[in-house]
file upload.txt (compact mmCIF, C-alpha atoms)
# COMPACT_ATOMS: atom_id res chain seq x y z
CA MET A 12 36.11 -259.54 -137.34
CA LEU A 13 36.63 -258.24 -140.89
CA SER A 14 40.34 -259.10 -140.64
CA TYR A 15 39.35 -262.77 -140.42
CA PHE A 16 38.20 -262.73 -144.05
CA LYS A 17 41.51 -261.17 -145.25
CA LEU A 18 39.86 -258.67 -147.57
CA LYS A 19 43.04 -256.83 -148.48
CA GLU A 20 44.90 -260.06 -149.27
CA HIS A 21 42.11 -260.97 -151.69
CA GLY A 22 42.07 -257.56 -153.39
CA THR A 23 38.62 -256.59 -152.15
CA ASP A 24 36.84 -254.36 -149.62
CA LEU A 25 33.69 -254.32 -147.47
CA LYS A 26 31.52 -252.60 -150.08
CA SER A 27 32.50 -255.06 -152.83
CA GLU A 28 31.81 -258.05 -150.58
CA ILE A 29 28.35 -256.81 -149.61
CA LEU A 30 27.51 -256.02 -153.23
CA GLY A 31 28.77 -259.45 -154.29
CA GLY A 32 26.63 -261.17 -151.66
CA ILE A 33 23.47 -259.27 -152.61
CA THR A 34 24.07 -260.01 -156.30
CA THR A 35 24.52 -263.74 -155.67
CA PHE A 36 21.37 -263.89 -153.55
CA LEU A 37 19.24 -262.11 -156.16
CA THR A 38 20.62 -264.39 -158.88
CA MET A 39 19.68 -267.58 -157.01
CA ALA A 40 16.64 -266.38 -155.02
CA TYR A 41 14.42 -268.18 -157.51
CA ILE A 42 15.30 -271.47 -155.75
CA LEU A 43 13.07 -270.53 -152.81
CA GLY A 44 9.91 -270.67 -154.90
CA VAL A 45 11.02 -273.24 -157.46
CA ASN A 46 12.14 -275.78 -154.85
CA ALA A 47 8.90 -275.36 -152.92
CA SER A 48 6.94 -275.92 -156.13
CA ILE A 49 8.87 -279.06 -157.15
CA LEU A 50 9.03 -280.79 -153.75
CA SER A 51 5.38 -280.05 -153.00
CA SER A 52 4.58 -282.41 -155.89
CA ALA A 53 6.26 -285.13 -153.80
CA GLY A 54 3.79 -284.59 -150.97
CA LEU A 55 5.66 -282.08 -148.80
CA THR A 56 3.87 -278.83 -147.96
CA PRO A 57 5.16 -275.82 -149.94
CA HIS A 58 5.62 -273.69 -146.82
CA SER A 59 7.65 -276.38 -145.05
CA VAL A 60 9.91 -276.75 -148.11
CA PHE A 61 10.27 -272.97 -148.31
CA PHE A 62 11.38 -272.89 -144.67
CA ALA A 63 13.76 -275.85 -145.11
CA THR A 64 15.23 -274.33 -148.29
CA ALA A 65 15.89 -270.96 -146.70
CA ILE A 66 17.39 -272.28 -143.45
CA SER A 67 19.53 -275.02 -144.98
CA SER A 68 20.83 -272.57 -147.60
CA ALA A 69 21.62 -270.04 -144.89
CA VAL A 70 23.42 -272.54 -142.64
CA ALA A 71 25.48 -274.08 -145.46
CA THR A 72 26.37 -270.72 -147.05
CA ILE A 73 27.36 -269.04 -143.78
CA PHE A 74 29.45 -272.10 -142.85
CA MET A 75 31.10 -271.91 -146.29
CA GLY A 76 31.89 -268.26 -145.68
CA ILE A 77 33.32 -268.65 -142.20
CA TYR A 78 35.03 -272.05 -142.48
CA ALA A 79 36.27 -272.01 -146.09
CA ASN A 80 36.39 -268.21 -146.55
CA ALA A 81 35.05 -268.59 -150.09
CA PRO A 82 32.33 -266.58 -151.90
CA ILE A 83 30.29 -269.71 -152.71
CA ALA A 84 26.56 -269.88 -151.97
CA LEU A 85 24.67 -273.12 -151.49
CA ALA A 86 21.03 -274.20 -151.78
CA PRO A 87 18.99 -277.29 -152.74
CA GLY A 88 20.23 -278.18 -156.21
CA MET A 89 18.21 -278.09 -159.40
CA GLY A 90 18.15 -281.57 -160.89
CA LEU A 91 18.53 -283.15 -157.49
CA ASN A 92 15.16 -281.76 -156.42
CA ALA A 93 13.66 -283.09 -159.65
CA PHE A 94 15.25 -286.48 -158.97
CA PHE A 95 13.82 -286.46 -155.44
CA THR A 96 10.28 -285.75 -156.63
CA TYR A 97 9.84 -287.31 -160.05
CA THR A 98 12.13 -290.35 -159.77
CA VAL A 99 12.35 -291.32 -156.11
CA VAL A 100 8.82 -290.47 -154.91
CA LEU A 101 6.51 -290.36 -157.92
CA SER A 102 8.16 -293.05 -160.11
CA SER A 103 9.80 -295.40 -157.61
CA GLY A 104 7.06 -295.14 -154.99
CA TYR A 105 9.12 -294.12 -151.97
CA THR A 106 7.49 -291.92 -149.34
CA PRO A 107 8.76 -288.35 -148.80
CA ALA A 108 10.16 -289.50 -145.45
CA GLU A 109 12.13 -292.31 -147.11
CA ALA A 110 13.40 -289.95 -149.79
CA LEU A 111 14.59 -287.50 -147.13
CA ALA A 112 16.26 -290.38 -145.29
CA MET A 113 18.19 -291.25 -148.45
CA VAL A 114 19.24 -287.61 -148.82
CA PHE A 115 20.48 -287.69 -145.22
CA VAL A 116 22.50 -290.87 -145.78
CA SER A 117 24.01 -289.50 -148.99
CA GLY A 118 25.08 -286.39 -147.06
CA ILE A 119 26.75 -288.50 -144.36
CA ILE A 120 28.64 -290.50 -147.01
CA PHE A 121 29.63 -287.25 -148.76
CA LEU A 122 31.03 -285.98 -145.45
CA PHE A 123 33.10 -289.14 -144.91
CA ILE A 124 34.44 -289.02 -148.47
CA SER A 125 35.56 -285.44 -147.84
CA ILE A 126 37.13 -286.27 -144.45
CA LEU A 127 38.98 -289.31 -145.82
CA GLY A 128 40.34 -287.32 -148.76
CA LEU A 129 38.84 -289.64 -151.40
CA ARG A 130 37.60 -286.75 -153.53
CA LYS A 131 40.51 -286.69 -155.99
CA LEU A 132 40.53 -290.48 -156.38
CA ILE A 133 36.84 -290.61 -157.27
CA VAL A 134 36.85 -287.51 -159.50
CA ASP A 135 39.84 -288.75 -161.47
CA SER A 136 38.30 -292.20 -161.95
CA ILE A 137 35.20 -291.00 -163.81
CA PRO A 138 35.79 -290.02 -167.46
CA THR A 139 35.38 -286.30 -168.05
CA SER A 140 33.09 -286.82 -171.05
CA LEU A 141 30.76 -289.00 -168.98
CA LYS A 142 30.62 -286.43 -166.18
CA GLN A 143 29.81 -283.70 -168.67
CA SER A 144 27.16 -285.88 -170.36
CA ILE A 145 25.45 -286.51 -167.03
CA GLY A 146 25.36 -282.79 -166.23
CA ALA A 147 23.94 -281.98 -169.66
CA ALA A 148 21.40 -284.82 -169.46
CA ILE A 149 20.09 -283.49 -166.17
CA GLY A 150 19.73 -280.14 -167.92
CA PHE A 151 17.55 -281.70 -170.64
CA PHE A 152 15.53 -283.50 -167.96
CA VAL A 153 14.93 -280.31 -165.97
CA ALA A 154 14.01 -278.40 -169.14
CA PHE A 155 11.55 -281.15 -170.11
CA ILE A 156 9.86 -280.79 -166.72
CA GLY A 157 9.77 -277.03 -167.22
CA LEU A 158 8.21 -277.31 -170.69
CA ASN A 159 5.56 -279.63 -169.27
CA LYS A 160 4.80 -277.24 -166.41
CA LEU A 161 4.49 -274.45 -168.98
CA GLY A 162 1.94 -276.51 -170.93
CA ILE A 163 4.11 -276.36 -174.05
CA ILE A 164 4.73 -280.12 -173.99
CA ILE A 165 1.91 -282.32 -172.69
CA SER A 166 1.07 -286.04 -172.64
CA ASP A 167 -0.79 -287.68 -175.52
CA GLN A 168 -2.12 -291.24 -175.81
CA ALA A 169 -1.29 -291.56 -179.50
CA THR A 170 2.16 -289.96 -179.64
CA TYR A 171 3.09 -290.10 -175.92
CA VAL A 172 3.90 -286.36 -175.93
CA THR A 173 2.65 -283.49 -178.06
CA LEU A 174 2.46 -279.70 -178.26
CA GLY A 175 0.05 -277.97 -175.89
CA SER A 176 -2.52 -275.33 -176.74
CA PHE A 177 -1.34 -271.74 -176.94
CA LYS A 178 -4.92 -270.52 -176.67
CA ASN A 179 -4.85 -271.13 -172.93
CA PRO A 180 -4.10 -267.86 -171.01
CA THR A 181 -2.07 -269.75 -168.38
CA VAL A 182 0.15 -271.20 -171.09
CA LEU A 183 0.55 -267.77 -172.69
CA LEU A 184 1.63 -266.24 -169.36
CA GLY A 185 4.30 -268.91 -168.98
CA VAL A 186 5.48 -268.43 -172.56
CA PHE A 187 5.76 -264.70 -171.90
CA GLY A 188 7.86 -265.41 -168.81
CA LEU A 189 10.11 -267.75 -170.78
CA ILE A 190 10.64 -265.26 -173.62
CA LEU A 191 11.31 -262.43 -171.16
CA THR A 192 13.87 -264.50 -169.25
CA LEU A 193 15.55 -265.58 -172.49
CA ILE A 194 15.87 -261.92 -173.51
CA LEU A 195 17.27 -260.93 -170.10
CA MET A 196 19.79 -263.79 -170.24
CA THR A 197 20.81 -262.80 -173.77
CA LEU A 198 21.38 -259.22 -172.60
CA GLU A 199 23.49 -260.66 -169.74
CA ILE A 200 21.31 -258.96 -167.14
CA LYS A 201 22.32 -259.96 -163.64
CA SER A 202 19.57 -261.78 -161.72
CA ALA A 203 17.80 -262.48 -165.04
CA ALA A 204 16.03 -265.59 -163.71
CA PHE A 205 14.79 -263.77 -160.60
CA ILE A 206 13.67 -260.69 -162.56
CA GLY A 207 11.85 -262.88 -165.08
CA LEU A 208 10.09 -264.80 -162.31
CA LEU A 209 9.10 -261.61 -160.47
CA SER A 210 7.87 -259.87 -163.64
CA THR A 211 5.78 -262.87 -164.69
CA ALA A 212 4.20 -263.07 -161.23
CA ILE A 213 3.30 -259.36 -161.17
CA ILE A 214 1.83 -259.38 -164.68
CA GLY A 215 -0.11 -262.56 -163.89
CA ILE A 216 -1.60 -261.05 -160.72
CA VAL A 217 -2.62 -257.88 -162.60
CA LEU A 218 -4.27 -259.94 -165.37
CA GLY A 219 -6.08 -261.99 -162.73
CA LEU A 220 -7.43 -258.83 -161.10
CA LEU A 221 -8.68 -257.77 -164.55
CA GLY A 222 -10.78 -260.93 -164.72
CA ILE A 223 -8.60 -263.26 -166.80
CA SER A 224 -8.83 -266.85 -165.51
CA GLY A 225 -5.91 -269.18 -164.80
CA MET A 226 -3.65 -266.49 -163.35
CA PRO A 227 -1.53 -266.45 -160.14
CA VAL A 228 -3.38 -265.53 -156.95
CA LEU A 229 -2.64 -262.34 -155.03
CA PRO A 230 -1.22 -263.33 -151.59
CA ASP A 231 -3.14 -262.50 -148.42
CA GLY A 232 -0.05 -260.84 -147.03
CA ILE A 233 3.67 -260.36 -147.54
CA ILE A 234 5.29 -261.07 -144.17
CA SER A 235 4.48 -263.88 -141.74
CA LEU A 236 6.06 -264.79 -138.40
CA THR A 237 4.49 -268.27 -138.50
CA PHE A 238 6.78 -270.99 -139.85
CA ASP A 239 5.74 -274.38 -141.20
CA THR A 240 8.15 -276.93 -139.66
CA SER A 241 6.07 -280.02 -140.45
CA SER A 242 8.94 -281.58 -142.43
CA VAL A 243 11.58 -281.08 -139.73
CA GLY A 244 12.79 -284.51 -138.55
CA LEU A 245 10.52 -286.31 -141.03
CA PHE A 246 13.53 -288.23 -142.40
CA LEU A 247 13.81 -290.19 -139.13
CA SER A 248 10.64 -292.17 -139.87
CA GLY A 249 12.08 -293.17 -143.22
CA LEU A 250 15.49 -294.39 -142.03
CA SER A 251 14.34 -297.77 -140.74
CA SER A 252 12.19 -298.57 -143.78
CA ILE A 253 14.91 -297.90 -146.38
CA LEU A 254 17.12 -300.43 -144.57
CA THR A 255 14.69 -303.13 -145.69
CA LYS A 256 14.82 -301.97 -149.31
CA PRO A 257 18.23 -302.84 -150.82
CA GLU A 258 17.29 -301.12 -154.10
CA SER A 259 17.51 -297.80 -152.23
CA ILE A 260 21.31 -298.17 -152.36
CA VAL A 261 21.30 -297.21 -156.05
CA ILE A 262 19.20 -294.13 -155.33
CA ILE A 263 21.46 -293.06 -152.45
CA PHE A 264 24.49 -293.51 -154.66
CA THR A 265 22.87 -291.54 -157.48
CA MET A 266 22.13 -288.67 -155.09
CA LEU A 267 25.71 -288.78 -153.85
CA PHE A 268 27.14 -289.05 -157.35
CA VAL A 269 25.18 -286.14 -158.83
CA ASP A 270 25.73 -283.95 -155.76
CA PHE A 271 29.44 -284.72 -155.61
CA PHE A 272 30.28 -283.99 -159.23
CA ASP A 273 27.92 -281.04 -159.49
CA THR A 274 29.67 -279.52 -156.48
CA ALA A 275 33.19 -280.31 -157.68
CA GLY A 276 32.50 -278.83 -161.12
CA THR A 277 30.93 -275.69 -159.66
CA LEU A 278 33.72 -275.09 -157.16
CA ILE A 279 36.45 -275.49 -159.76
CA ALA A 280 34.67 -273.19 -162.23
CA VAL A 281 33.96 -270.40 -159.72
CA ILE A 282 37.39 -270.54 -158.06
CA ASP A 283 39.16 -270.42 -161.43
CA LYS A 284 37.10 -267.35 -162.31
CA ILE A 285 38.08 -265.63 -159.05
CA LYS A 286 41.76 -266.34 -159.58
CA GLY A 287 41.57 -264.99 -163.12
CA LEU A 288 39.86 -261.77 -161.98
CA VAL A 289 42.27 -261.20 -159.08
CA LYS A 290 45.27 -261.81 -161.34
CA SER A 291 44.02 -259.23 -163.86
CA GLU A 292 43.09 -256.65 -161.20
CA HIS A 293 45.95 -257.23 -158.75
CA PRO A 294 48.85 -259.09 -160.43
CA GLU A 295 50.87 -258.83 -157.22
CA LEU A 296 48.35 -260.96 -155.29
CA LYS A 297 48.14 -264.75 -155.28
CA VAL A 298 44.92 -266.08 -153.76
CA ASP A 299 44.15 -269.69 -152.98
CA TYR A 300 41.15 -271.58 -151.61
CA ASN A 301 40.76 -274.89 -149.79
CA ILE A 302 38.37 -277.03 -151.85
CA ASP A 303 38.28 -279.75 -149.19
CA LYS A 304 36.82 -277.24 -146.72
CA MET A 305 34.26 -276.24 -149.33
CA LEU A 306 33.20 -279.88 -149.73
CA TYR A 307 32.58 -280.10 -145.97
CA SER A 308 30.23 -277.15 -146.34
CA ASP A 309 28.35 -278.93 -149.11
CA ALA A 310 28.03 -282.15 -147.12
CA LEU A 311 26.87 -280.25 -144.05
CA GLY A 312 24.25 -278.44 -146.13
CA THR A 313 22.81 -281.73 -147.40
CA ILE A 314 22.64 -283.20 -143.89
CA VAL A 315 20.96 -280.07 -142.51
CA GLY A 316 18.61 -279.90 -145.51
CA ALA A 317 17.48 -283.51 -145.06
CA THR A 318 16.92 -282.89 -141.36
CA LEU A 319 14.76 -279.85 -142.11
CA GLY A 320 12.92 -281.41 -145.06
CA THR A 321 14.51 -280.68 -148.44
CA SER A 322 16.60 -282.38 -151.12
CA ASN A 323 20.40 -282.31 -151.48
CA VAL A 324 22.05 -278.95 -150.92
CA THR A 325 24.86 -278.13 -153.34
CA SER A 326 27.10 -275.26 -154.42
CA PHE A 327 25.44 -272.91 -156.92
CA VAL A 328 27.22 -271.78 -160.06
CA GLU A 329 25.20 -268.57 -159.73
CA SER A 330 27.88 -267.62 -157.16
CA SER A 331 29.92 -266.51 -160.16
CA SER A 332 27.55 -263.53 -160.56
CA GLY A 333 28.55 -262.33 -157.10
CA VAL A 334 32.19 -262.88 -157.96
CA ALA A 335 31.75 -260.72 -161.06
CA ALA A 336 30.19 -258.04 -158.83
CA GLY A 337 33.22 -258.00 -156.52
CA GLY A 338 32.86 -260.89 -154.06
CA ARG A 339 36.17 -262.57 -153.28
CA THR A 340 35.92 -263.90 -149.71
CA GLY A 341 33.61 -265.68 -147.31
CA LEU A 342 32.15 -262.37 -146.18
CA SER A 343 30.17 -262.35 -149.40
CA SER A 344 28.76 -265.78 -148.50
CA VAL A 345 27.81 -264.59 -145.02
CA VAL A 346 25.79 -261.78 -146.63
CA VAL A 347 23.98 -264.33 -148.82
CA GLY A 348 23.27 -266.50 -145.79
CA VAL A 349 21.80 -263.62 -143.80
CA LEU A 350 19.52 -262.75 -146.74
CA PHE A 351 18.32 -266.36 -146.87
CA LEU A 352 17.49 -266.14 -143.16
CA LEU A 353 15.50 -262.96 -143.73
CA SER A 354 13.62 -264.60 -146.62
CA THR A 355 11.86 -266.94 -144.17
CA LEU A 356 9.59 -264.02 -143.29
CA PHE A 357 8.10 -263.88 -146.80
CA SER A 358 6.42 -267.30 -147.06
CA PRO A 359 2.95 -265.84 -147.92
CA LEU A 360 4.33 -264.98 -151.37
CA LEU A 361 4.33 -268.72 -152.17
CA SER A 362 0.68 -268.48 -153.17
CA VAL A 363 1.81 -266.60 -156.26
CA ILE A 364 3.84 -269.56 -157.57
CA ALA A 365 1.33 -272.31 -156.74
CA SER A 366 0.38 -274.70 -159.55
CA ILE A 367 -2.72 -273.66 -161.51
CA PRO A 368 -5.12 -276.49 -162.54
CA VAL A 369 -6.12 -276.55 -166.21
CA ASN A 370 -7.91 -279.91 -166.11
CA ASP A 371 -7.87 -283.12 -164.05
CA THR A 372 -4.40 -284.12 -165.25
CA LEU A 373 -2.64 -280.87 -166.18
CA PHE A 374 -1.35 -278.42 -163.56
CA LEU A 375 0.72 -275.50 -164.86
CA SER A 376 3.31 -273.35 -163.10
CA PRO A 377 3.71 -270.30 -165.37
CA VAL A 378 5.76 -268.33 -162.83
CA VAL A 379 8.49 -270.86 -161.95
CA ALA A 380 8.54 -273.10 -165.05
CA PRO A 381 10.49 -270.63 -167.27
CA THR A 382 13.33 -270.81 -164.75
CA LEU A 383 13.45 -274.60 -165.08
CA VAL A 384 13.88 -274.28 -168.85
CA ILE A 385 16.61 -271.65 -168.50
CA VAL A 386 18.50 -273.74 -165.93
CA GLY A 387 18.22 -276.67 -168.32
CA VAL A 388 19.76 -274.62 -171.13
CA LEU A 389 22.67 -273.60 -168.91
CA MET A 390 23.32 -277.17 -167.79
CA ALA A 391 23.09 -278.51 -171.35
CA THR A 392 26.04 -276.31 -172.43
CA GLN A 393 28.30 -278.98 -170.91
CA LEU A 394 27.73 -281.00 -174.09
CA SER A 395 30.38 -278.85 -175.75
CA ASN A 396 33.01 -280.62 -173.64
CA VAL A 397 31.98 -284.12 -174.80
CA ASP A 398 34.17 -285.68 -177.51
CA TRP A 399 31.46 -286.64 -180.01
CA HIS A 400 34.08 -287.91 -182.48
CA ASP A 401 34.94 -290.77 -180.11
CA PHE A 402 32.16 -293.35 -180.49
CA ARG A 403 32.61 -294.64 -176.94
CA THR A 404 32.01 -291.28 -175.33
CA ALA A 405 29.34 -290.39 -177.89
CA ALA A 406 27.41 -293.63 -177.28
CA SER A 407 27.58 -293.37 -173.48
CA GLY A 408 26.66 -289.68 -173.57
CA PHE A 409 23.75 -290.30 -175.90
CA ALA A 410 22.49 -293.20 -173.78
CA THR A 411 22.66 -291.05 -170.65
CA ILE A 412 20.62 -288.24 -172.19
CA ILE A 413 18.00 -290.26 -174.08
CA ILE A 414 17.30 -292.76 -171.29
CA MET A 415 17.19 -290.07 -168.61
CA VAL A 416 14.63 -287.97 -170.47
CA LEU A 417 12.47 -290.72 -171.95
CA SER A 418 12.40 -292.90 -168.81
CA TYR A 419 11.83 -289.77 -166.71
CA SER A 420 14.60 -290.86 -164.35
CA ILE A 421 18.02 -289.40 -163.59
CA ALA A 422 19.11 -292.70 -162.01
CA ASN A 423 18.22 -294.70 -165.14
CA GLY A 424 20.11 -292.26 -167.35
CA ILE A 425 23.30 -292.38 -165.28
CA ALA A 426 23.11 -296.18 -165.05
CA ALA A 427 22.63 -296.55 -168.82
CA GLY A 428 25.53 -294.20 -169.56
CA PHE A 429 27.94 -296.12 -167.34
CA ILE A 430 26.91 -299.51 -168.71
CA VAL A 431 27.33 -298.38 -172.34
CA TYR A 432 30.69 -296.76 -171.51
CA VAL A 433 32.08 -299.99 -170.00
CA ILE A 434 30.74 -302.21 -172.81
CA THR A 435 32.13 -300.01 -175.59
CA ASN A 436 35.50 -299.87 -173.85
CA ILE A 437 35.68 -303.64 -173.36
CA PHE A 438 35.25 -304.29 -177.07
CA SER A 439 37.18 -301.29 -178.35
CA LYS A 440 40.41 -301.78 -180.32
CA GLU A 441 41.88 -299.02 -178.21
CA LYS A 442 40.41 -300.23 -174.94
CA LYS A 443 41.54 -298.47 -171.83
CA LYS A 444 42.28 -300.03 -168.46
CA LEU A 445 39.20 -299.12 -166.47
CA PRO A 446 39.69 -298.10 -162.82
CA ALA A 447 38.25 -300.37 -160.12
CA ILE A 448 35.62 -297.77 -159.19
CA ILE A 449 34.20 -297.98 -162.74
CA TRP A 450 33.76 -301.74 -162.43
CA VAL A 451 32.07 -301.33 -159.05
CA LEU A 452 29.66 -298.81 -160.56
CA PHE A 453 29.07 -301.09 -163.56
CA VAL A 454 27.94 -303.94 -161.30
CA ILE A 455 25.78 -301.63 -159.16
CA PHE A 456 24.01 -300.20 -162.20
CA LEU A 457 23.42 -303.65 -163.71
CA LEU A 458 21.76 -304.63 -160.42
CA HIS A 459 19.73 -301.43 -160.63
CA PHE A 460 18.16 -302.46 -163.93
CA ALA A 461 17.73 -306.05 -162.71
CA LEU A 462 15.68 -304.78 -159.76
CA VAL A 463 13.52 -302.35 -161.78
call {"tool": "encode", "arguments": {"input": "upload.txt", "output": "structure tokens"}}
result
Amino acid sequence: MLSYFKLKEHGTDLKSEILGGITTFLTMAYILGVNASILSSAGLTPHSVFFATAISSAVATIFMGIYANAPIALAPGMGLNAFFTYTVVLSSGYTPAEALAMVFVSGIIFLFISILGLRKLIVDSIPTSLKQSIGAAIGFFVAFIGLNKLGIIISDQATYVTLGSFKNPTVLLGVFGLILTLILMTLEIKSAAFIGLLSTAIIGIVLGLLGISGMPVLPDGIISLTFDTSSVGLFLSGLSSILTKPESIVIIFTMLFVDFFDTAGTLIAVIDKIKGLVKSEHPELKVDYNIDKMLYSDALGTIVGATLGTSNVTSFVESSSGVAAGGRTGLSSVVVGVLFLLSTLFSPLLSVIASIPVNDTLFLSPVVAPTLVIVGVLMATQLSNVDWHDFRTAASGFATIIIMVLSYSIANGIAAGFIVYVITNIFSKEKKKLPAIIWVLFVIFLLHFALV
């Protein structure tokens, strides 16, 4: 069985693969609680999302390991889960079932794109600066949500948003968690996000037991053999209704677009890192990976996730931590997948990360919110790859970021960025010949704003 993964050909061994898998899991384990917290705001039960997150991550990651033989782990993506909750359900008014149906359809389309070999055509058609701007904009959007859930940024009738009160103990707990995680990230501690989340939860529980209000609640237990499957198959009831809503096409495309480029960027980054490490450690070896097979894994994960009741599943850049720890093959991914399966037993711990009410309109999440801010910071680093000296790319990038954050919608931000990019290119002295796919997107996004 071990010979299937070709450990020797990849310059690795069993111990390194297991260590790499454990490291990757610990680095991305935060998604179990964070995803449950975000999607529960859309009306899904936290325990059902926890179950769907764990199982879909396990299935997609194990498939990645066995089929593509790559040390890439998958789970519901940050940004995409925010889009699902705050844009599709809460802003656009779709039901959770309809949102899951759109996730399912986007996964099917993703699978067909991968099978037909259209990946390179689509990736090459979208300007690099625009892709990087979209990734960074989603980072700002996720961080904004995190700051709101920390109570640092809150709504205000006079100024729309303002600074929250640091006298509130719940806010202070979240700020502590954010500072701790920032320090751990700065020190390049592996699993910094997970350690920060765990430490904040433990300290919050202790403070609550000492009588301080607004703290996380101690769970009734640790292990449970009862699984909440209330969201399994829920997408089916939403399929027929989205067919009568043509505006859902833009949302489906946005899900597909973000998932596709997030995945492609992650795969390229992690694979390049592996090749660099193998070359430095074993110059005689030449390893290669099949990205098309990896894309099948991503598409499968999204389809399975929608069926179980969660947002789009995508490849996690946190896989690079496992690569740094020694993971080189799909065996590392299998280890991650098995750990995700085992995590289904620990659903009672979700009570620790539940939102804490401060008043009728403000609900804080001091345990998980720091992670949202940190993920936002990491995603925003893509801005360094945008050519800010070219007004066309600067204008489209700026429009993407500002509209996405201020309209509280990933779809609006992407649409605005594309429209500005096409307009500035049409009237530029150095105008480029825009690919057909850009014009198709331009028309779709104009229709999106016309239907808002």
call {"tool": "atom_distance", "arguments": {"input": "upload.txt", "atom1": "atom CA of Val433 of chain A", "atom2": "atom CA of Thr98 of chain A"}}
result
24.4 Å
call {"tool": "residues_around", "arguments": {"input": "upload.txt", "residues": "Asp398 of chain A", "least_positions_apart": "5", "cutoff": "12 Å", "atoms": "all atoms listed in the file", "output": "list of chain:residue names"}}
result
A:Pro138, A:Thr139, A:Ser140, A:Leu141, A:Lys142, A:Gln143, A:Ser144, A:Gln393, A:Arg403, A:Thr404, A:Ala405, A:Ala406, A:Ser407, A:Gly408, A:Phe409
call {"tool": "residues_around", "arguments": {"input": "upload.txt", "residues": "segment 65-68 of chain A", "least_positions_apart": "3", "cutoff": "6 Å", "atoms": "all atoms listed in the file", "output": "PDB file with C-alpha atoms, in the frame of the given file"}}
result
ATOM      1  CA  PHE A  62      11.380-272.890-144.670  1.00  0.00           C
ATOM      2  CA  ALA A  71      25.480-274.080-145.460  1.00  0.00           C
ATOM      3  CA  THR A  72      26.370-270.720-147.050  1.00  0.00           C
ATOM      4  CA  LEU A  85      24.670-273.120-151.490  1.00  0.00           C
ATOM      5  CA  ALA A  86      21.030-274.200-151.780  1.00  0.00           C
ATOM      6  CA  GLY A 312      24.250-278.440-146.130  1.00  0.00           C
ATOM      7  CA  VAL A 315      20.960-280.070-142.510  1.00  0.00           C
ATOM      8  CA  GLY A 316      18.610-279.900-145.510  1.00  0.00           C
ATOM      9  CA  PHE A 351      18.320-266.360-146.870  1.00  0.00           C
TER      10      PHE A 351
END
call {"tool": "residues_around", "arguments": {"input": "upload.txt", "residues": "Leu236 of chain A", "least_positions_apart": "6", "cutoff": "9 Å", "atoms": "only C-alpha atoms", "output": "list of chain:residue names"}}
result
A:Thr355, A:Leu356, A:Phe357
call {"tool": "residues_around", "arguments": {"input": "upload.txt", "residues": "segment 73-79 of chain A", "least_positions_apart": "6", "cutoff": "10 Å", "atoms": "only C-alpha atoms", "output": "count of residues only"}}
result
28
call {"tool": "atom_distance", "arguments": {"input": "upload.txt", "atom1": "atom CA of Gly185 of chain A", "atom2": "atom CA of Ile206 of chain A"}}
result
14.0 Å
call {"tool": "atom_distance", "arguments": {"input": "upload.txt", "atom1": "atom CA of Pro227 of chain A", "atom2": "atom CA of Met89 of chain A"}}
result
22.9 Å
call {"tool": "residues_near_point", "arguments": {"input": "upload.txt", "point": "(-2.0, -261.0, -164.6)", "cutoff": "12 Å", "atoms": "only C-alpha atoms", "output": "ChimeraX atom specification"}}
result
/A:180-181,183-185,187-188,209-229,363,377-378
call {"tool": "residues_near_point", "arguments": {"input": "upload.txt", "point": "(19.3, -300.7, -156.2)", "cutoff": "7 Å", "atoms": "only C-alpha atoms", "output": "PyMOL selection string"}}
result
chain A and resi 257-262+458-459+462
call {"tool": "closest_atom_pairs", "arguments": {"input": "upload.txt", "of": "segment 369-410 of chain A", "to": "segment 161-169 of chain A", "cutoff": "10 Å", "atoms": "all atoms listed in the file", "output": "Markdown table"}}
result
| residue | atom | partner | partner_atom | distance |
| --- | --- | --- | --- | --- |
| A:Val369 | CA | A:Gly162 | CA | 9.3 |
| A:Thr372 | CA | A:Ser166 | CA | 9.4 |
| A:Leu373 | CA | A:Gly162 | CA | 7.9 |
| A:Phe374 | CA | A:Gly162 | CA | 8.3 |
| A:Leu375 | CA | A:Leu161 | CA | 5.7 |
| A:Ser376 | CA | A:Leu161 | CA | 6.1 |
| A:Pro377 | CA | A:Leu161 | CA | 5.6 |
| A:Val378 | CA | A:Leu161 | CA | 8.8 |
| A:Val379 | CA | A:Leu161 | CA | 8.8 |
| A:Ala380 | CA | A:Leu161 | CA | 5.8 |
| A:Pro381 | CA | A:Leu161 | CA | 7.3 |
| A:Leu383 | CA | A:Leu161 | CA | 9.8 |
| A:Val384 | CA | A:Leu161 | CA | 9.4 |
call {"tool": "write_last_selection", "arguments": {"input": "upload.txt", "atoms": "C-alpha atoms", "output": "PDB file, in the frame of the given file"}}
result
ATOM      1  CA  VAL A 369      -6.120-276.550-166.210  1.00  0.00           C
ATOM      2  CA  THR A 372      -4.400-284.120-165.250  1.00  0.00           C
ATOM      3  CA  LEU A 373      -2.640-280.870-166.180  1.00  0.00           C
ATOM      4  CA  PHE A 374      -1.350-278.420-163.560  1.00  0.00           C
ATOM      5  CA  LEU A 375       0.720-275.500-164.860  1.00  0.00           C
ATOM      6  CA  SER A 376       3.310-273.350-163.100  1.00  0.00           C
ATOM      7  CA  PRO A 377       3.710-270.300-165.370  1.00  0.00           C
ATOM      8  CA  VAL A 378       5.760-268.330-162.830  1.00  0.00           C
ATOM      9  CA  VAL A 379       8.490-270.860-161.950  1.00  0.00           C
ATOM     10  CA  ALA A 380       8.540-273.100-165.050  1.00  0.00           C
ATOM     11  CA  PRO A 381      10.490-270.630-167.270  1.00  0.00           C
ATOM     12  CA  LEU A 383      13.450-274.600-165.080  1.00  0.00           C
ATOM     13  CA  VAL A 384      13.880-274.280-168.850  1.00  0.00           C
TER      14      VAL A 384
END
